[in-house]
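What follows is the content of start_11.txt, which has compact mmCIF, C-alpha atoms:
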# COMPACT_ATOMS: atom_id res chain seq x y z
CA MET A 65 12.51 -61.18 13.77
CA TYR A 66 12.31 -58.29 16.21
CA TYR A 67 9.23 -57.84 18.38
CA GLU A 68 8.03 -55.83 21.37
CA VAL A 69 5.46 -56.81 23.98
CA TYR A 70 3.33 -54.40 26.02
CA GLY A 71 0.56 -54.78 28.58
CA LYS A 72 -1.50 -57.72 29.77
CA GLY A 73 -4.75 -59.33 28.66
CA GLU A 74 -6.05 -60.84 25.45
CA PRO A 75 -3.28 -60.69 22.83
CA ILE A 76 -3.30 -58.55 19.71
CA VAL A 77 -0.57 -58.78 17.08
CA LEU A 78 0.31 -55.62 15.12
CA LEU A 79 1.82 -55.81 11.63
CA HIS A 80 3.29 -52.63 10.14
CA GLY A 81 3.35 -51.27 6.60
CA ALA A 82 6.16 -51.26 4.04
CA PHE A 83 9.30 -49.32 5.09
CA TYR A 84 7.76 -48.61 8.50
CA ASN A 85 8.80 -49.77 11.94
CA ILE A 86 6.79 -50.34 15.11
CA SER A 87 7.04 -46.78 16.38
CA MET A 88 6.23 -45.14 13.04
CA ASN A 89 3.15 -47.27 12.46
CA TRP A 90 1.76 -48.00 15.91
CA GLY A 91 3.43 -45.54 18.28
CA GLU A 92 0.23 -43.66 19.08
CA LEU A 93 -2.00 -46.73 19.36
CA ILE A 94 0.15 -49.02 21.49
CA PRO A 95 -0.15 -46.98 24.73
CA GLU A 96 -3.95 -47.09 24.44
CA LEU A 97 -4.27 -50.72 23.36
CA SER A 98 -1.87 -51.92 26.04
CA LYS A 99 -4.09 -50.55 28.81
CA THR A 100 -6.38 -53.55 28.38
CA ARG A 101 -4.56 -55.91 26.00
CA LYS A 102 -1.28 -57.76 25.58
CA VAL A 103 0.19 -56.07 22.50
CA ILE A 104 2.75 -57.87 20.36
CA ALA A 105 4.25 -55.58 17.71
CA LEU A 106 6.53 -57.12 15.08
CA GLU A 107 9.04 -55.81 12.55
CA PHE A 108 9.33 -57.67 9.25
CA GLN A 109 12.54 -58.83 7.61
CA GLY A 110 14.84 -55.87 6.95
CA HIS A 111 12.53 -53.42 8.71
CA GLY A 112 13.32 -51.56 11.90
CA HIS A 113 15.43 -53.69 14.24
CA SER A 114 15.02 -56.88 12.18
CA PRO A 115 18.18 -57.58 10.15
CA PHE A 116 18.35 -57.50 6.38
CA SER A 117 18.38 -60.88 4.65
CA ASP A 118 18.88 -61.91 1.04
CA ARG A 119 15.88 -64.22 1.42
CA LYS A 120 13.26 -63.27 -1.16
CA LEU A 121 10.29 -61.42 0.27
CA ASP A 122 6.75 -62.70 -0.26
CA ILE A 123 3.63 -62.60 1.89
CA VAL A 124 3.58 -66.37 2.48
CA THR A 125 7.06 -66.29 3.99
CA LEU A 126 6.29 -63.17 6.04
CA ALA A 127 3.07 -64.73 7.36
CA SER A 128 5.07 -67.81 8.38
CA ASP A 129 7.48 -65.49 10.22
CA VAL A 130 4.58 -64.03 12.19
CA GLU A 131 3.32 -67.50 13.05
CA GLY A 132 6.83 -68.42 14.18
CA VAL A 133 6.90 -65.53 16.66
CA MET A 134 3.45 -66.49 17.95
CA LYS A 135 4.66 -70.05 18.49
CA TYR A 136 7.81 -68.79 20.23
CA LEU A 137 5.71 -66.63 22.56
CA LYS A 138 3.27 -69.54 23.11
CA ILE A 139 0.33 -67.55 21.73
CA ASP A 140 -2.12 -70.05 20.27
CA SER A 141 -4.45 -67.38 18.88
CA ALA A 142 -4.75 -63.62 18.88
CA ASP A 143 -6.50 -60.73 17.25
CA VAL A 144 -4.33 -59.55 14.35
CA ALA A 145 -4.22 -56.03 12.91
CA GLY A 146 -2.23 -55.10 9.81
CA PHE A 147 -1.67 -51.86 7.94
CA SER A 148 -0.87 -51.76 4.20
CA MET A 149 1.74 -54.48 3.55
CA GLY A 150 1.07 -55.74 7.07
CA GLY A 151 -2.58 -56.11 6.13
CA SER A 152 -1.72 -58.32 3.16
CA VAL A 153 0.44 -60.47 5.43
CA ALA A 154 -2.40 -60.60 7.97
CA TYR A 155 -4.78 -61.88 5.27
CA GLN A 156 -2.29 -64.60 4.36
CA LEU A 157 -1.79 -65.56 8.01
CA ALA A 158 -5.55 -65.91 8.46
CA ILE A 159 -5.73 -68.13 5.38
CA GLN A 160 -2.78 -70.43 6.09
CA SER A 161 -3.22 -70.56 9.89
CA PRO A 162 -6.87 -69.70 10.61
CA LYS A 163 -6.78 -71.04 14.16
CA ARG A 164 -4.12 -68.47 15.01
CA VAL A 165 -6.41 -65.52 14.20
CA ARG A 166 -9.38 -64.77 16.44
CA LYS A 167 -10.40 -61.49 14.79
CA LEU A 168 -8.75 -59.76 11.86
CA VAL A 169 -8.33 -56.01 11.34
CA ILE A 170 -7.21 -54.83 7.89
CA ILE A 171 -6.27 -51.16 7.59
CA SER A 172 -5.82 -49.69 4.12
CA SER A 173 -4.82 -52.97 2.54
CA THR A 174 -5.88 -55.74 0.19
CA TYR A 175 -5.31 -59.45 -0.36
CA LYS A 176 -4.47 -59.04 -4.05
CA THR A 177 -2.57 -56.68 -6.28
CA SER A 178 -5.70 -55.71 -8.23
CA GLY A 179 -7.21 -54.41 -4.99
CA TRP A 180 -5.10 -51.26 -5.44
CA LEU A 181 -5.80 -48.56 -8.01
CA PRO A 182 -3.66 -48.83 -11.17
CA THR A 183 -1.78 -45.65 -10.23
CA VAL A 184 -0.64 -47.29 -6.99
CA ASN A 185 0.45 -50.51 -8.69
CA GLY A 186 2.44 -48.52 -11.23
CA ALA A 187 4.11 -46.23 -8.72
CA PHE A 188 7.08 -48.48 -7.95
CA LYS A 189 7.95 -49.28 -11.58
CA ASN A 190 10.33 -46.33 -12.00
CA PHE A 191 11.69 -46.24 -8.46
CA LYS A 192 15.43 -46.60 -7.91
CA PRO A 193 17.16 -47.65 -4.66
CA ASP A 194 18.25 -44.04 -4.01
CA PHE A 195 14.69 -42.70 -4.26
CA PHE A 196 14.14 -42.68 -0.49
CA ASP A 197 17.63 -41.55 0.53
CA ASN A 198 16.67 -38.10 1.79
CA THR A 199 13.41 -39.01 3.52
CA PRO A 200 12.18 -39.65 7.07
CA LEU A 201 12.10 -43.36 6.15
CA LYS A 202 15.89 -43.36 5.70
CA ALA A 203 16.39 -41.41 8.94
CA ALA A 204 14.23 -43.91 10.83
CA TYR A 205 16.13 -46.81 9.27
CA ASP A 206 19.49 -45.34 10.24
CA SER A 207 18.37 -44.80 13.82
CA ILE A 208 17.64 -48.47 14.60
CA ALA A 209 18.77 -50.80 11.78
CA PRO A 210 21.36 -53.40 12.86
CA ASP A 211 23.40 -52.64 9.72
CA LYS A 212 22.85 -49.23 8.12
CA THR A 213 24.92 -50.19 5.07
CA LYS A 214 22.08 -52.46 3.88
CA TRP A 215 19.70 -49.57 3.18
CA ARG A 216 19.82 -49.58 -0.62
CA LYS A 217 19.77 -53.37 -0.79
CA PHE A 218 16.72 -53.30 1.43
CA VAL A 219 14.99 -50.68 -0.75
CA GLN A 220 15.73 -52.68 -3.90
CA GLN A 221 14.36 -55.79 -2.22
CA MET A 222 11.16 -53.94 -1.40
CA ILE A 223 10.86 -52.56 -4.94
CA ASP A 224 11.24 -56.11 -6.28
CA PHE A 225 8.66 -57.32 -3.76
CA ALA A 226 6.17 -54.67 -4.85
CA GLY A 227 6.72 -55.58 -8.51
CA VAL A 228 5.51 -59.17 -8.13
CA PRO A 229 1.70 -59.52 -8.34
CA PHE A 230 0.05 -61.47 -5.54
CA ASP A 231 -3.43 -62.85 -4.91
CA CYS A 232 -4.52 -64.75 -1.81
CA GLY A 233 -7.63 -65.89 -3.70
CA ASP A 234 -11.27 -64.85 -3.59
CA ALA A 235 -12.27 -68.37 -2.60
CA ASN A 236 -9.93 -68.31 0.39
CA ILE A 237 -11.36 -64.99 1.58
CA ALA A 238 -14.90 -66.37 1.27
CA LYS A 239 -13.93 -69.37 3.42
CA MET A 240 -12.62 -67.25 6.30
CA THR A 241 -14.74 -67.73 9.40
CA MET A 242 -13.25 -65.15 11.79
CA PRO A 243 -14.82 -61.67 11.95
CA VAL A 244 -12.95 -59.10 9.85
CA LEU A 245 -12.88 -55.32 10.22
CA LEU A 246 -11.94 -53.46 7.04
CA ILE A 247 -10.82 -49.85 7.57
CA SER A 248 -10.06 -47.68 4.55
CA GLY A 249 -9.52 -44.01 3.81
CA ASP A 250 -11.81 -42.74 1.09
CA ASN A 251 -8.75 -41.74 -0.98
CA ASP A 252 -6.12 -44.21 0.26
CA GLY A 253 -5.33 -45.87 -3.07
CA LEU A 254 -7.60 -48.88 -2.60
CA ASP A 255 -10.02 -49.66 -5.41
CA LYS A 256 -13.31 -49.18 -3.57
CA ILE A 257 -15.19 -51.45 -5.98
CA GLU A 258 -12.77 -54.24 -5.11
CA LEU A 259 -13.01 -53.33 -1.43
CA MET A 260 -16.78 -53.74 -1.56
CA LYS A 261 -16.37 -57.08 -3.32
CA THR A 262 -14.07 -58.13 -0.49
CA TYR A 263 -16.68 -57.12 2.07
CA GLN A 264 -19.31 -59.11 0.20
CA LEU A 265 -17.04 -62.18 0.22
CA LEU A 266 -16.91 -61.75 4.00
CA GLY A 267 -20.70 -61.73 4.24
CA GLY A 268 -21.24 -57.98 4.20
CA GLY A 269 -23.10 -55.66 1.89
CA VAL A 270 -26.56 -56.70 3.09
CA SER A 271 -29.57 -54.63 4.10
CA ASP A 272 -31.10 -54.17 7.53
CA LEU A 273 -33.85 -56.55 6.42
CA GLU A 274 -31.28 -59.27 7.04
CA SER A 275 -29.16 -60.11 10.06
CA MET A 276 -26.08 -57.92 10.36
CA PRO A 277 -22.80 -59.60 9.35
CA LYS A 278 -20.06 -60.30 11.87
CA SER A 279 -17.54 -58.50 9.65
CA HIS A 280 -17.51 -54.71 9.41
CA LEU A 281 -16.49 -52.08 6.87
CA ALA A 282 -15.43 -48.52 7.73
CA VAL A 283 -14.51 -45.88 5.13
CA VAL A 284 -13.03 -42.82 6.81
CA PRO A 285 -13.71 -39.56 4.93
CA SER A 286 -11.00 -37.20 3.69
CA GLN A 287 -8.14 -39.63 4.38
CA GLY A 288 -5.31 -40.95 2.24
CA HIS A 289 -3.11 -43.98 2.79
CA VAL A 290 -0.60 -42.31 5.13
CA SER A 291 -2.95 -39.89 6.85
CA LEU A 292 -5.44 -42.63 7.76
CA MET A 293 -2.94 -44.25 10.11
CA MET A 294 -2.57 -40.90 11.90
CA GLN A 295 -6.24 -40.86 12.91
CA THR A 296 -5.52 -42.48 16.27
CA LYS A 297 -8.84 -41.74 17.98
CA VAL A 298 -10.89 -42.82 14.97
CA ILE A 299 -9.04 -46.11 14.54
CA LEU A 300 -9.05 -46.77 18.28
CA ASN A 301 -12.83 -46.29 18.42
CA TYR A 302 -13.32 -48.79 15.61
CA LEU A 303 -10.97 -51.28 17.30
CA ASP A 304 -12.64 -50.94 20.68
CA ALA A 305 -16.08 -51.60 19.21
CA PHE A 306 -14.97 -54.50 17.03
CA LEU A 307 -12.59 -56.33 19.35
CA LYS A 308 -14.67 -56.28 22.52
Show how you would write the structure in this file as structure tokens.
Amino acid sequence: MYYEVYGKGEPIVLLHGAFYNISMNWGELIPELSKTRKVIALEFQGHGHSPFSDRKLDIVTLASDVEGVMKYLKIDSADVAGFSMGGSVAYQLAIQSPKRVRKLVIISSTYKTSGWLPTVNGAFKNFKPDFFDNTPLKAAYDSIAPDKTKWRKFVQQMIDFAGVPFDCGDANIAKMTMPVLLISGDNDGLDKIELMKTYQLLGGGVSDLESMPKSHLAVVPSQGHVSLMMQTKVILNYLDAFLK
């Protein structure tokens, strides 16, 4: 599993979205975060510099991969931030290895398939391995993949991965004790009713007549799934306030 390390200080682990690599997902944020933090950015199986494998993809296995890198780097615990697929893996990591996660940041993601709108869940049903051939995703893959001939196998693997429903469990989310920051675009494909239920499971959704919860929810206006990750200053401001 490929990783990059930047800066010094308290560690933060960054987990990218599906088909992305470190640069595509975190390229604008890493220079800022690494001014005060030790940043560990990872690339999942088959993504970026990490080689393709026939091993079946699921979030439990990917979360175990992340924990393996943390063990290798002798990082007992860290803040963990995940975008999209990386957010789902981050949820699973926090559930199966809670002592590894100090604070959790989930950007445009969910811990269960039903957390997405039906249109999102249905989007991959008719995809074919050649769907992404003439896209920036393919160009990025070709520029750094160890074996460029694995592209269509990788895409098919990801389509299969997206087609299998997953659910980390409401009860497991409710048991989480670390603070969680949920960041979502108002039109990013997440079901906002389910997002609010998630926030309530984390202790949020109260009034100012009660003590404020340690977990936070931010919905960024006029942003979709891809465009949200481009709002570097907005996301950085939320991270700075939450992770201090």
Could you check which of A:Ser148, A:Gln156, A:Thr100, A:Ser275 is closest to Ile123 (chain A), using only C-alpha atoms?
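For Ile123 (chain A), the nearest of the candidates is A:Gln156.
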message: List as JSON, numbers by chain the residues having at least one atom at most 12 Å from position (-0.2, -66.4, 18.2) as given in the file, counting all atoms listed in the file.
response: {"A": [74, 75, 76, 77, 78, 102, 103, 104, 105, 106, 127, 128, 129, 130, 131, 132, 133, 134, 135, 136, 137, 138, 139, 140, 141, 142, 143, 144, 154, 157, 158, 161, 162, 163, 164, 165, 166, 167]}
For Thr174 (chain A), the closest of A:Ser248, A:Asn198, A:Asn236, A:Ser279 counting all atoms listed in the file is A:Ser248
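Of note, CA of Glu107 (chain A) and CA of His80 (chain A) are spaced 7.0 Å apart.
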Measuring between only C-alpha atoms, which one of A:Leu265, A:Val228, A:Val290, A:Ile223 shows the shortest distance to Asp250 (chain A)?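 Once distances to Asp250 (chain A) are computed over only C-alpha atoms, the minimum belongs to A:Val290.
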Fill in: d(CA of Leu121 (chain A), CA of Lys256 (chain A)) in Å
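Taking CA of Leu121 (chain A) and CA of Lys256 (chain A), their separation equals 26.9 Å.
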> Between A:Gly186, A:Gly71, A:Pro95, A:Pro115, which has the minimum distance to Ala209 (chain A) (counting all atoms listed in the file)?
Replying inline: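 Among the listed residues, the smallest separation from Ala209 (chain A) belongs to A:Pro115.
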Review point. If you count all atoms listed in the file, which residues fall within 8 Å of Ala282 (chain A), apart from same-chain ones fewer than 4 positions away, as a list in words?
Key: Leu245, Leu246, Ile247 and Ser248 of chain A
Name the closest residue to Ala145 (chain A) among the candidates A:Phe195, A:Val244, A:Ile237, A:Met260; distances are taken between atoms, counting all atoms listed in the file.
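Closest residue, counting all atoms listed in the file: A:Val244.
Minimum atom-to-atom distances from A:Ile94, A:Leu181, A:Met293, A:Ile159 to Asp234 (chain A) were compared using all atoms listed in the file, and the lowest value belongs to A:Ile159.
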**Report entry** Atomic separation - CA of Asp224 (chain A) relative to CA of Thr125 (chain A), Å
**Finding:**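 A separation of 15.1 Å between them.
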Test item: residues at most 12 Å from Phe116 (chain A), all atoms listed in the file, excluding those fewer than 5 positions along its chain, as an mmCIF file with C-alpha atoms, in the coordinates of the input:
data_model
loop_
_atom_site.group_PDB
_atom_site.id
_atom_site.type_symbol
_atom_site.label_atom_id
_atom_site.label_comp_id
_atom_site.auth_asym_id
_atom_site.auth_seq_id
_atom_site.Cartn_x
_atom_site.Cartn_y
_atom_site.Cartn_z
ATOM 1 C CA MET A 65 12.510 -61.180 13.770
ATOM 2 C CA TYR A 66 12.310 -58.290 16.210
ATOM 3 C CA GLU A 107 9.040 -55.810 12.550
ATOM 4 C CA PHE A 108 9.330 -57.670 9.250
ATOM 5 C CA GLN A 109 12.540 -58.830 7.610
ATOM 6 C CA GLY A 110 14.840 -55.870 6.950
ATOM 7 C CA HIS A 111 12.530 -53.420 8.710
ATOM 8 C CA LEU A 121 10.290 -61.420 0.270
ATOM 9 C CA TYR A 205 16.130 -46.810 9.270
ATOM 10 C CA ALA A 209 18.770 -50.800 11.780
ATOM 11 C CA PRO A 210 21.360 -53.400 12.860
ATOM 12 C CA ASP A 211 23.400 -52.640 9.720
ATOM 13 C CA LYS A 212 22.850 -49.230 8.120
ATOM 14 C CA THR A 213 24.920 -50.190 5.070
ATOM 15 C CA LYS A 214 22.080 -52.460 3.880
ATOM 16 C CA TRP A 215 19.700 -49.570 3.180
ATOM 17 C CA ARG A 216 19.820 -49.580 -0.620
ATOM 18 C CA LYS A 217 19.770 -53.370 -0.790
ATOM 19 C CA PHE A 218 16.720 -53.300 1.430
ATOM 20 C CA VAL A 219 14.990 -50.680 -0.750
ATOM 21 C CA GLN A 220 15.730 -52.680 -3.900
ATOM 22 C CA GLN A 221 14.360 -55.790 -2.220
ATOM 23 C CA MET A 222 11.160 -53.940 -1.400
#
Q.
What's around Gly81 (chain A) at 8 Å? Count only C-alpha atoms, leave out sequence neighbours fewer than 5 positions away in its own chain, and write the answer as a list in words.
A. Asn89, Gly146, Phe147, Ser148, Met149, Gly150 and Gly151 of chain A
Write the residues you've just listed into a file as a PDB file, in the coordinates of the input, and include C-alpha atoms for each of them.
ATOM      1  CA  ASN A  89       3.150 -47.270  12.460  1.00  0.00           C
ATOM      2  CA  GLY A 146      -2.230 -55.100   9.810  1.00  0.00           C
ATOM      3  CA  PHE A 147      -1.670 -51.860   7.940  1.00  0.00           C
ATOM      4  CA  SER A 148      -0.870 -51.760   4.200  1.00  0.00           C
ATOM      5  CA  MET A 149       1.740 -54.480   3.550  1.00  0.00           C
ATOM      6  CA  GLY A 150       1.070 -55.740   7.070  1.00  0.00           C
ATOM      7  CA  GLY A 151      -2.580 -56.110   6.130  1.00  0.00           C
TER       8      GLY A 151
END
Mind listing as a PyMOL selection string all residues within 7 Å of (6.8, -52.8, 20.7), counting all atoms listed in the file? chain A and resi 67-70+86+104-105
Within 12 Å of Ser291 (chain A), counting only C-alpha atoms, which residues show up once you throw out same-chain ones fewer than 2 positions away? Write them as JSON, numbers by chain, please.
-> {"A": [89, 171, 172, 248, 249, 250, 251, 252, 253, 284, 285, 286, 287, 288, 289, 293, 294, 295, 296, 298, 299]}
What's the 12 Å shell around Pro277 (chain A), counting only C-alpha atoms, without same-chain residues fewer than 4 positions away, as JSON, numbers by chain? {"A": [241, 242, 243, 244, 245, 263, 264, 265, 266, 267, 268, 269, 270, 271, 272, 273, 281]}
